[in-house]
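Trainee: File name work-v9.txt; file contents compact mmCIF, C-alpha atoms; full text below.
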# COMPACT_ATOMS: atom_id res chain seq x y z
CA MET A 55 11.57 224.75 252.66
CA ALA A 56 10.10 223.44 255.88
CA GLN A 57 11.44 220.12 257.11
CA VAL A 58 10.03 217.82 259.78
CA LEU A 59 12.47 217.13 262.61
CA ALA A 60 12.95 213.85 264.46
CA GLU A 61 15.45 211.71 266.22
CA SER A 62 16.34 208.62 264.22
CA GLY A 63 13.50 206.12 264.30
CA ASP A 64 11.28 208.41 266.35
CA VAL A 65 8.15 210.43 265.64
CA ARG A 66 8.73 213.62 263.71
CA HIS A 67 7.48 216.41 265.91
CA GLY A 68 8.33 219.83 264.49
CA PHE A 69 9.63 221.86 261.60
CA SER A 70 12.97 223.34 260.67
CA TYR A 71 12.24 226.36 258.51
CA ILE A 72 14.81 227.32 255.89
CA GLY A 73 13.25 229.76 253.49
CA LYS A 74 10.40 230.50 251.14
CA ARG A 75 9.73 231.60 247.58
CA ASN A 76 6.72 233.64 246.60
CA HIS A 77 5.00 232.60 243.37
CA ASP A 78 1.90 233.86 241.61
CA PHE A 79 -0.04 230.66 242.19
CA GLY A 80 -3.75 230.33 241.60
CA ARG A 81 -5.11 227.57 243.83
CA ILE A 82 -2.80 224.65 244.66
CA THR A 83 -4.70 221.38 245.13
CA GLY A 84 -2.01 218.72 244.72
CA ILE A 85 1.68 218.22 245.44
CA ALA A 86 4.23 215.45 244.82
CA VAL A 87 8.00 215.00 244.85
CA THR A 88 9.93 213.67 241.85
CA ILE A 89 12.74 211.15 242.05
CA LYS A 90 15.20 214.05 241.72
CA GLY A 91 13.71 215.84 244.73
CA ASN A 92 11.90 218.53 242.73
CA ILE A 93 8.38 219.51 243.78
CA LEU A 94 5.45 219.28 241.37
CA LEU A 95 2.27 221.28 242.02
CA CYS A 96 -1.26 221.27 240.59
CA ASP A 97 -2.53 224.82 240.03
CA TYR A 98 -6.27 224.24 239.72
CA ASP A 99 -7.36 227.79 238.82
CA GLU A 100 -4.60 228.51 236.30
CA ARG A 101 -4.84 225.05 234.67
CA HIS A 102 -1.18 224.17 234.73
CA LEU A 103 1.43 222.09 236.51
CA ILE A 104 4.37 223.87 238.13
CA LEU A 105 7.77 222.33 238.84
CA VAL A 106 9.97 223.97 241.47
CA GLY A 107 13.30 222.93 242.95
CA PRO A 108 13.77 221.51 246.46
CA TYR A 109 14.06 225.08 247.80
CA GLY A 110 11.08 226.46 245.90
CA ASN A 111 12.90 228.04 242.94
CA TYR A 112 10.78 227.98 239.78
CA LEU A 113 11.88 225.48 237.10
CA LYS A 114 9.17 224.72 234.53
CA LYS A 115 5.47 224.91 233.77
CA LEU A 116 3.19 222.62 231.76
CA ASP A 117 -0.21 223.91 230.60
CA VAL A 118 -3.04 221.37 230.64
CA ASP A 119 -6.48 221.39 229.06
CA SER A 120 -8.53 221.15 232.26
CA GLU A 121 -8.29 221.82 236.00
CA PRO A 122 -5.68 219.47 237.57
CA TYR A 123 -6.81 218.33 241.02
CA ASP A 124 -4.53 215.63 242.44
CA MET A 125 -1.23 214.01 241.52
CA ALA A 126 1.12 211.21 242.50
CA ILE A 127 4.54 210.10 241.27
CA THR A 128 5.50 206.42 241.19
CA SER A 129 8.83 204.92 242.21
CA GLN A 130 9.65 204.77 238.46
CA ASN A 131 9.24 208.59 238.35
CA ILE A 132 6.06 208.54 236.27
CA GLY A 133 3.51 211.15 237.29
CA TYR A 134 -0.27 210.75 237.23
CA VAL A 135 -2.52 213.82 237.34
CA THR A 136 -6.29 213.68 237.76
CA GLN A 137 -8.60 216.14 235.96
CA PRO A 138 -12.11 215.35 237.29
CA ASN A 139 -13.86 218.12 235.34
CA SER A 140 -12.82 216.62 232.00
CA LYS A 141 -12.95 213.00 233.28
CA THR A 142 -9.30 212.48 232.31
CA VAL A 143 -6.03 211.26 233.82
CA LEU A 144 -2.66 212.49 232.52
CA GLN A 145 0.53 210.45 232.53
CA ILE A 146 3.61 212.70 232.54
CA ASP A 147 7.38 212.72 232.85
CA PRO A 148 7.54 215.01 235.92
CA ASP A 149 11.14 216.25 235.77
CA ARG A 150 11.00 216.95 232.04
CA MET A 151 7.39 218.20 232.31
CA VAL A 152 6.22 216.35 229.21
CA LEU A 153 2.82 214.77 228.67
CA LEU A 154 3.12 211.08 227.79
CA PHE A 155 -0.48 209.87 227.67
CA LYS A 156 -4.05 210.90 228.48
CA THR A 157 -6.85 208.52 229.49
CA THR A 158 -10.53 209.48 229.42
CA CYS A 159 -13.25 207.90 231.57
CA THR A 160 -16.05 206.83 229.25
CA ASP A 161 -18.50 205.47 231.85
CA LEU A 162 -21.49 207.65 232.73
CA ASN A 163 -21.23 209.70 235.97
CA THR A 164 -17.68 208.42 236.60
CA SER A 165 -14.37 210.24 236.93
CA VAL A 166 -11.01 209.75 238.65
CA LEU A 167 -10.83 212.18 241.57
CA CYS A 168 -7.75 211.23 243.62
CA VAL A 169 -4.51 209.35 243.11
CA THR A 170 -1.84 208.06 245.49
CA THR A 171 1.10 205.66 245.47
CA THR A 172 3.01 203.32 247.71
CA GLN A 173 6.50 201.94 247.04
CA THR A 174 5.07 199.29 244.72
CA PHE A 175 1.54 200.24 243.61
CA LEU A 176 -0.51 203.05 242.11
CA TYR A 177 -4.04 203.68 243.43
CA PHE A 178 -6.97 205.67 242.01
CA GLY A 179 -9.94 207.10 243.86
CA VAL A 180 -12.80 206.90 241.34
CA ILE A 181 -15.94 208.91 241.99
CA LYS A 182 -19.16 207.36 240.71
CA ASP A 183 -22.59 208.88 241.38
CA GLY A 184 -21.03 211.01 244.14
CA CYS A 185 -19.34 208.18 246.07
CA VAL A 186 -15.60 207.42 245.91
CA HIS A 187 -14.28 203.87 245.36
CA ALA A 188 -10.56 203.11 245.57
CA GLY A 189 -8.26 200.38 244.35
CA GLY A 190 -4.96 199.46 242.74
CA VAL A 191 -4.25 200.31 239.11
CA ASN A 192 -2.66 198.21 236.40
CA GLU A 193 -0.52 200.82 234.63
CA LYS A 194 -0.71 198.78 231.42
CA GLN A 195 -4.53 198.80 231.48
CA ILE A 196 -5.55 202.12 233.03
CA SER A 197 -9.02 202.36 231.45
CA SER A 198 -9.94 198.82 232.51
CA SER A 199 -8.65 199.51 236.03
CA ILE A 200 -10.85 202.61 236.35
CA ARG A 201 -13.93 200.62 235.34
CA LEU A 202 -13.07 197.80 237.75
CA ILE A 203 -12.53 200.18 240.67
CA SER A 204 -15.81 202.03 240.10
CA ASN A 205 -17.85 198.81 239.90
CA ASP A 206 -16.35 196.35 242.34
CA LEU A 207 -13.75 197.73 244.75
CA HIS A 208 -13.67 199.49 248.11
CA GLU A 209 -16.06 202.31 248.92
CA ILE A 210 -13.98 204.77 250.97
CA GLY A 211 -16.42 207.56 251.74
CA LEU A 212 -18.46 210.58 250.74
CA PRO A 213 -17.41 213.30 250.08
CA VAL A 214 -13.72 212.37 249.90
CA VAL A 215 -11.19 215.20 249.51
CA LYS A 216 -8.01 213.07 249.34
CA PHE A 217 -6.97 209.54 250.32
CA HIS A 218 -3.81 207.57 251.07
CA ILE A 219 -2.71 203.97 251.71
CA VAL A 220 -0.80 202.88 254.83
CA ASN A 221 -0.36 199.25 255.96
CA ASN A 222 -3.01 198.10 253.43
CA THR A 223 -5.49 200.51 255.00
CA TYR A 224 -7.29 203.22 253.01
CA LEU A 225 -7.31 206.54 254.88
CA SER A 226 -9.63 209.27 253.58
CA CYS A 227 -9.98 212.99 254.30
CA ILE A 228 -13.69 213.78 254.35
CA GLY A 229 -14.78 217.27 253.33
CA GLY A 230 -16.12 219.39 256.18
CA ARG A 231 -15.34 216.76 258.84
CA ASN A 232 -12.73 216.65 261.61
CA TYR A 233 -12.09 212.92 261.34
CA ILE A 234 -10.27 210.51 259.04
CA LYS A 235 -12.16 207.56 257.59
CA TYR A 236 -10.32 204.23 257.41
CA TYR A 237 -11.11 201.11 255.42
CA LYS A 238 -9.18 197.85 255.59
CA SER A 239 -11.90 195.33 254.76
CA VAL A 240 -15.68 195.01 254.84
CA HIS A 241 -15.25 193.84 258.44
CA GLU A 242 -12.75 196.49 259.49
CA HIS A 243 -13.65 200.09 258.69
CA GLY A 244 -14.85 203.22 260.44
CA ASN A 245 -13.77 206.71 261.51
CA ILE A 246 -10.84 208.08 263.49
CA PRO A 247 -12.79 210.73 265.43
CA ILE A 248 -9.93 212.08 267.50
CA ILE A 249 -8.72 215.17 265.65
CA ALA A 250 -10.87 217.70 267.46
CA THR A 251 -8.55 220.52 266.40
CA MET A 252 -8.75 219.75 262.68
CA ASP A 253 -10.70 222.11 260.45
CA THR A 254 -10.96 221.75 256.67
CA PRO A 255 -8.64 218.79 255.85
CA THR A 256 -6.98 219.29 252.47
CA ASP A 257 -4.38 216.55 251.98
CA ILE A 258 -2.87 213.41 253.52
CA CYS A 259 0.45 211.60 253.21
CA SER A 260 2.78 209.31 255.20
CA ASP A 261 6.50 209.10 255.95
CA ASN A 262 8.89 206.15 255.89
CA TYR A 263 7.83 205.18 259.44
CA ASP A 264 4.15 204.97 258.29
CA HIS A 265 3.21 207.99 260.39
CA ILE A 266 0.32 209.82 258.76
CA TYR A 267 0.18 213.57 258.16
CA VAL A 268 -2.98 215.56 257.43
CA SER A 269 -2.95 219.24 256.49
CA GLY A 270 -5.69 221.21 258.20
CA GLN A 271 -6.15 224.47 256.30
CA GLY A 272 -8.77 226.03 258.55
CA SER A 273 -6.98 225.08 261.78
CA ASN A 274 -3.52 226.05 260.45
CA ASN A 275 -2.14 222.74 261.74
CA ILE A 276 -0.37 219.66 260.51
CA HIS A 277 -1.91 216.65 262.26
CA ARG A 278 0.32 213.60 262.75
CA LEU A 279 -1.28 210.20 263.35
CA GLU A 280 0.44 207.00 264.36
CA ASP A 281 -1.29 203.63 264.00
CA VAL A 282 -0.48 202.13 267.40
CA GLU A 283 -2.61 199.04 266.83
CA SER A 284 -0.64 197.96 263.72
CA LYS A 285 2.51 197.59 265.84
CA LYS A 286 0.88 195.05 268.13
CA THR A 287 0.98 191.31 267.50
CA ARG A 288 -2.14 189.59 266.21
CA CYS A 289 -2.89 188.21 269.69
CA GLU A 290 -2.56 191.66 271.29
CA ARG A 291 -4.95 193.40 268.91
CA ALA A 292 -8.50 194.17 269.95
CA PRO A 293 -11.29 192.66 267.83
CA LYS A 294 -12.50 196.14 266.85
CA ARG A 295 -10.60 199.39 266.46
CA THR A 296 -11.24 202.31 268.84
CA GLU A 297 -9.90 205.84 269.29
CA LYS A 298 -7.07 204.45 271.43
CA ASP A 299 -5.65 202.63 268.40
CA TRP A 300 -4.45 205.95 266.98
CA LYS A 301 -2.01 208.39 268.54
CA VAL A 302 -2.31 212.02 267.44
CA LEU A 303 0.04 214.98 267.62
CA ASP A 304 -0.88 218.46 266.40
CA ILE A 305 1.96 220.48 264.87
CA PRO A 306 0.79 224.13 264.86
CA LEU A 307 2.07 226.46 262.17
CA ASP A 308 2.84 230.12 262.78
CA SER A 309 4.73 233.06 261.34
CA GLN A 310 8.02 231.54 262.53
CA HIS A 311 7.60 228.74 259.99
CA GLY A 312 6.53 231.05 257.20
CA ILE A 313 3.65 228.63 256.51
CA LYS A 314 -0.03 229.49 256.85
CA GLU A 315 -3.17 227.58 255.92
CA PRO A 316 -1.51 224.48 254.40
CA VAL A 317 -3.34 223.27 251.31
CA ALA A 318 -1.17 220.29 250.29
CA VAL A 319 1.38 218.04 251.95
CA CYS A 320 3.76 215.31 250.77
CA PHE A 321 6.81 213.46 252.08
CA ASN A 322 10.27 213.66 250.57
CA LYS A 323 12.58 210.80 251.53
CA ASP A 324 15.68 212.99 250.95
CA PHE A 325 16.18 215.11 254.05
CA ILE A 326 17.87 218.44 253.47
CA THR A 327 20.78 219.03 255.86
CA GLU A 328 22.29 222.20 254.44
CA VAL A 329 21.37 225.17 252.27
CA ARG A 330 23.08 225.70 248.96
CA ILE A 331 22.58 228.96 247.10
CA PRO A 332 22.10 228.18 243.39
CA CYS A 333 24.26 230.01 240.86
CA THR A 334 22.29 232.73 239.03
CA ASP A 335 24.83 233.98 236.47
CA ARG A 336 24.43 231.19 233.94
CA THR A 337 23.42 231.92 230.36
CA ASN A 338 20.01 230.77 229.21
CA SER A 339 21.00 229.91 225.64
CA SER A 340 20.30 226.42 224.36
CA GLY A 341 23.02 224.56 222.53
CA LEU A 342 23.41 221.69 220.12
CA CYS A 343 26.47 219.47 220.12
CA CYS A 344 26.70 217.14 217.11
CA ILE A 345 28.10 213.67 217.82
CA TYR A 346 28.93 211.25 215.02
CA ASP A 347 29.95 207.69 214.38
CA ASN A 348 33.67 207.69 213.59
CA GLU A 349 33.11 205.25 210.72
CA LYS A 350 31.62 208.12 208.67
CA ASN A 351 33.96 209.83 206.24
CA ILE A 352 33.94 213.17 208.06
CA THR A 353 37.11 214.71 209.41
CA GLU A 354 37.58 215.30 213.13
CA LYS A 355 38.02 219.00 212.40
CA ASP A 356 34.37 219.31 211.35
CA MET A 357 32.62 217.30 214.02
CA ALA A 358 32.46 215.87 217.49
CA GLN A 359 33.56 212.27 217.15
CA VAL A 360 32.81 209.12 219.13
CA LEU A 361 36.06 207.52 220.28
CA ALA A 362 36.57 203.77 220.30
CA VAL A 363 39.09 201.01 219.94
CA PRO A 364 38.39 199.46 216.47
CA GLY A 365 35.70 196.80 216.80
CA HIS A 366 35.13 197.73 220.43
CA VAL A 367 32.40 199.53 222.30
CA ARG A 368 32.54 203.30 221.87
CA HIS A 369 33.41 204.79 225.18
CA GLY A 370 34.09 208.51 224.88
CA PHE A 371 33.73 211.67 222.82
CA SER A 372 35.99 214.06 220.98
CA TYR A 373 34.40 217.51 221.27
CA VAL A 374 34.91 220.12 218.54
CA GLY A 375 32.31 222.86 218.97
CA GLN A 376 28.67 223.86 219.35
CA PHE A 377 26.00 226.14 217.93
CA ASN A 378 23.61 228.06 220.16
CA HIS A 379 19.96 228.13 219.12
CA ASP A 380 16.85 229.57 220.72
CA PHE A 381 15.33 226.17 221.47
CA GLY A 382 12.40 225.61 223.77
CA ARG A 383 12.48 222.09 225.18
CA ILE A 384 13.92 219.38 222.89
CA THR A 385 12.28 215.99 223.47
CA GLY A 386 13.20 214.06 220.31
CA ILE A 387 16.07 213.83 217.83
CA ALA A 388 16.79 211.82 214.68
CA ALA A 389 19.22 211.92 211.73
CA THR A 390 18.02 212.00 208.12
CA ILE A 391 19.49 209.92 205.30
CA LYS A 392 21.50 213.01 204.24
CA GLY A 393 23.00 213.35 207.72
CA ASN A 394 20.93 216.36 208.75
CA ILE A 395 19.53 216.44 212.29
CA LEU A 396 15.81 216.80 213.01
CA LEU A 397 14.66 217.98 216.44
CA CYS A 398 11.29 218.09 218.23
CA ASP A 399 10.81 221.39 220.10
CA TYR A 400 8.00 220.52 222.51
CA ASP A 401 7.41 223.99 223.99
CA LYS A 402 7.45 225.93 220.72
CA LYS A 403 5.43 223.35 218.77
CA ASN A 404 7.81 223.04 215.85
CA LEU A 405 10.33 220.74 214.17
CA ILE A 406 13.81 222.12 213.53
CA LEU A 407 16.24 220.85 210.89
CA VAL A 408 19.96 221.56 211.27
CA ASP A 409 22.87 220.35 209.20
CA PRO A 410 25.56 217.88 210.37
CA LEU A 411 27.54 220.71 211.99
CA GLY A 412 24.56 222.26 213.77
CA ASN A 413 23.77 225.08 211.30
CA TYR A 414 20.08 226.02 211.14
CA LEU A 415 18.33 224.94 207.92
CA LYS A 416 14.54 224.86 208.20
CA LYS A 417 11.62 224.86 210.60
CA LEU A 418 8.18 223.25 210.38
CA ASN A 419 5.40 224.46 212.70
CA VAL A 420 2.96 221.80 213.94
CA ASP A 421 -0.44 222.13 215.63
CA SER A 422 0.47 220.31 218.86
CA GLU A 423 3.49 219.52 221.02
CA PRO A 424 5.82 217.07 219.17
CA TYR A 425 7.28 214.56 221.60
CA ASP A 426 9.31 211.90 219.75
CA ILE A 427 10.64 211.26 216.27
CA ALA A 428 12.03 208.43 214.18
CA ILE A 429 13.22 208.29 210.56
CA THR A 430 13.04 205.07 208.55
CA SER A 431 15.67 203.71 206.15
CA GLN A 432 13.47 205.10 203.33
CA ASN A 433 13.95 208.59 204.87
CA ILE A 434 10.36 208.97 206.04
CA GLY A 435 9.94 210.66 209.41
CA TYR A 436 7.25 209.87 212.01
CA ILE A 437 6.44 212.36 214.77
CA THR A 438 4.32 211.53 217.82
CA LYS A 439 2.07 214.17 219.41
CA PRO A 440 0.51 212.65 222.55
CA LYS A 441 -1.49 215.76 223.52
CA SER A 442 -3.48 215.73 220.27
CA ARG A 443 -3.38 211.91 220.09
CA SER A 444 -1.91 212.03 216.59
CA VAL A 445 1.11 210.98 214.51
CA ILE A 446 2.37 212.91 211.50
CA GLN A 447 4.43 211.56 208.60
CA ILE A 448 6.94 213.92 207.03
CA ASP A 449 9.69 214.21 204.43
CA PRO A 450 12.46 215.19 206.89
CA ASP A 451 14.99 216.81 204.54
CA ARG A 452 12.36 218.83 202.66
CA MET A 453 10.39 219.41 205.92
CA GLY A 454 7.12 218.66 204.18
CA ASN A 455 4.03 217.25 205.90
CA ILE A 456 2.97 214.05 204.12
CA SER A 457 0.05 212.77 206.21
CA ARG A 458 -1.51 212.71 209.68
CA GLN A 459 -3.15 209.90 211.59
CA HIS A 460 -5.33 210.45 214.68
CA ALA A 461 -5.94 207.85 217.38
CA THR A 462 -9.58 206.79 217.45
CA THR A 463 -9.72 204.99 220.78
What is this structure when it is put down as structure tokens?

Mentor:
Amino acid sequence: MAQVLAESGDVRHGFSYIGKRNHDFGRITGIAVTIKGNILLCDYDERHLILVGPYGNYLKKLDVDSEPYDMAITSQNIGYVTQPNSKTVLQIDPDRMVLLFKTTCTDLNTSVLCVTTTQTFLYFGVIKDGCVHAGGVNEKQISSSIRLISNDLHEIGLPVVKFHIVNNTYLSCIGGRNYIKYYKSVHEHGNIPIIATMDTPTDICSDNYDHIYVSGQGSNNIHRLEDVESKKTRCERAPKRTEKDWKVLDIPLDSQHGIKEPVAVCFNKDFITEVRIPCTDRTNSSGLCCIYDNEKNITEKDMAQVLAVPGHVRHGFSYVGQFNHDFGRITGIAATIKGNILLCDYDKKNLILVDPLGNYLKKLNVDSEPYDIAITSQNIGYITKPKSRSVIQIDPDRMGNISRQHATT
């Protein structure tokens, strides 16, 4: 990957280029880094999210029902993806690439266009009647937050491509313009008209020194801005901002960097200091290891057993063996009253029943990705399917579908 170089505490001023991976992308419109350092991309044309490793190696893909435009990942490693064409926002687990929740904008002529985060808050850019308003989001009340932002909060520009928050200031990339719009309050807002070299801004982010980076696709540059005025004391600050309040450095890209026409940019707090070549000779088979409570009357020969001092917290495992199955991505597991094990295979859209030792028994195909599962003391199973907003009730040992309930709101 390409890494920005700097002396400690100083302005980053160039790139160290390590390597590249070629992928059959459509059109990338958004990028974010997970808490594990993986890179998540929005492929607008192909309608899916792509997860790659820190060096660009492909990991996983998640198909979505509309064109994903922008994304951000919170400090709790929860991803938010905007889909303006369908007026929806997706909440995902970015490293596992699983959809958790989908919110739909119900107000007329309103959709969430952009999303960004700081260390503590999540922000949406909501487009209403062509103009973008921005504000903080209550993650427990996303729909209400969208309505509040579109009606009452800060108007950050038209037409906004992307936006970001630095030092309580909203910074917006404006389509077709070579300036950045800033908004701090109704009394303090305007343009930063000093990036004469910028052509076609596509994305904006900041680093841990609050330096701002803008990708200029047409100019083949990364533009770095530093808010000089924010470092002054209150008495030193001018009553109104001017061009001199911002310091700009253009970082040109060329064939030496292996980067051309940057379309998205984000900051990763974990700096890479060495290259490790990943092992490629691993098997791709999926396995199941069965782990049991040692109070059950099953011999150690037939199982993997939890070890514990009697009456004490279990603290280790005795491993006996495993069975390899052609699983997709397992996201949920539960044990039936007979001791069989029921699994949710998210990618292959089915439920798999295996016996206590891991032997395959039955499979039940479902119409949407099953995410989680629980089985009651009456041996009734409940499966959640967030993508289709439904829950199914099953007989887990017979693998029969009892009923289905759809969410109505």

Trainee: Quick one: residues within 12 Å of A:Val143, all atoms listed in the file counted, chain neighbours fewer than 2 positions away excluded, as JSON, numbers by chain?

Mentor: {"A": [118, 119, 120, 121, 122, 123, 124, 125, 126, 133, 134, 135, 136, 137, 138, 139, 140, 141, 145, 146, 153, 154, 155, 156, 157, 158, 159, 160, 165, 166, 167, 168, 169, 178, 179, 180, 193, 196, 197, 200]}

Trainee: What lies within 7 Å of A:Leu407 using only C-alpha atoms, ignoring chain neighbours under 4 positions off, as a CSV table (one decimal) with C-alpha atoms, in the frame of the given file?

Mentor:
chain,number,residue,atom,x,y,z
A,394,ASN,CA,20.9,216.4,208.8
A,395,ILE,CA,19.5,216.4,212.3
A,396,LEU,CA,15.8,216.8,213.0
A,397,LEU,CA,14.7,218.0,216.4
A,414,TYR,CA,20.1,226.0,211.1
A,415,LEU,CA,18.3,224.9,207.9
A,416,LYS,CA,14.5,224.9,208.2
A,417,LYS,CA,11.6,224.9,210.6

Trainee: One number please: atom CA of A:Leu405 to atom CA of A:Leu418, in Å, one decimal.

Mentor: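 Value for the atom CA of A:Leu405-atom CA of A:Leu418 distance: 5.0 Å.
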
Trainee: For a quick check of understanding, using only C-alpha atoms, which of A:Gln173, A:His218, A:Val319, A:His265 has the smallest distance to A:Leu94?

Mentor: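 Of the candidates, the smallest distance to A:Leu94 is held by A:Val319.
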
Trainee: Mind checking which residues fall within 10 Å of A:Gly229, counting only C-alpha atoms, ignoring those fewer than 6 positions away in the same chain, and posting them as a list in words?

Mentor: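 Skipping anything fewer than 6 positions along the chain leaves Gly211, Leu212, Pro213, Val214, Val215, Lys216, Asp253, Thr254, Pro255 and Thr256 of chain A.
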
Trainee: Using only C-alpha atoms, please write the residues we just selected to a file, as a compact mmCIF listing (two decimals), in the coordinates of the input.

Mentor:
# COMPACT_ATOMS: atom_id res chain seq x y z
CA GLY A 211 -16.42 207.56 251.74
CA LEU A 212 -18.46 210.58 250.74
CA PRO A 213 -17.41 213.30 250.08
CA VAL A 214 -13.72 212.37 249.90
CA VAL A 215 -11.19 215.20 249.51
CA LYS A 216 -8.01 213.07 249.34
CA ASP A 253 -10.70 222.11 260.45
CA THR A 254 -10.96 221.75 256.67
CA PRO A 255 -8.64 218.79 255.85
CA THR A 256 -6.98 219.29 252.47

Trainee: Hey, can you check how far atom CA of A:Gly190 sits from atom CA of A:Pro108?

Mentor: 29.2 Å

Trainee: Can you tell me, as JSON, numbers by chain, what residues are no more than 10 Å from A:Glu315 when counting all atoms listed in the file, ignoring any on the same chain fewer than 2 positions away?

Mentor: {"A": [254, 256, 269, 270, 271, 272, 273, 274, 275, 276, 307, 308, 313, 317, 318]}

Trainee: Determine the nearest neighbour of A:Ser260 from the options A:Leu279, A:Ile437, A:Leu95, A:Leu113, counting all atoms listed in the file.

Mentor: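 Ranking A:Leu279, A:Ile437, A:Leu95, A:Leu113 by distance to A:Ser260, first place goes to A:Leu279.
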
Trainee: Might you pull out every residue within 6 Å of stretch 299-302 of chain A, with all atoms listed in the file counted and same-chain residues fewer than 4 positions away left off, and present them as a list in words?

Mentor: Arg278, Leu279, Glu280, Asp281, Val282 and Glu283 of chain A

Trainee: Quick one: axis-aligned box around all listed atoms of stretch 391-398 of chain A, 8 Å on every side, centre and edge lengths in Å to one decimal, written as JSON.

Mentor:
{"center_x": 17.1, "center_y": 214.0, "center_z": 211.2, "size_x": 27.7, "size_y": 24.2, "size_z": 30.0}

Trainee: Using all atoms listed in the file, can you tell me which of A:Lys402, A:Thr223, A:Cys259, A:Val87 comes closest to A:Gly244?

Mentor: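 Answer, going by the shortest atom-to-atom distance: A:Thr223.
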
Trainee: Go ahead and find all residues with at least one atom no further than 10 Å from (8.1, 225.4, 233.7) in the file's coordinates, using all atoms listed in the file; report them as a ChimeraX atom specification.

Mentor: /A:102-106,112-117,149-151,401

Trainee: By how many Å are atom CA of A:Asn232 and atom CA of A:Asp261 apart?

Mentor: 21.4 Å

Trainee: Could you tell me which of A:Thr385, A:Asn222, A:Thr251, A:Ser129 comes closest to A:Lys403 if we count only C-alpha atoms?

Mentor: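 Checking each of A:Thr385, A:Asn222, A:Thr251, A:Ser129 against A:Lys403, counting only C-alpha atoms, the winner is A:Thr385.
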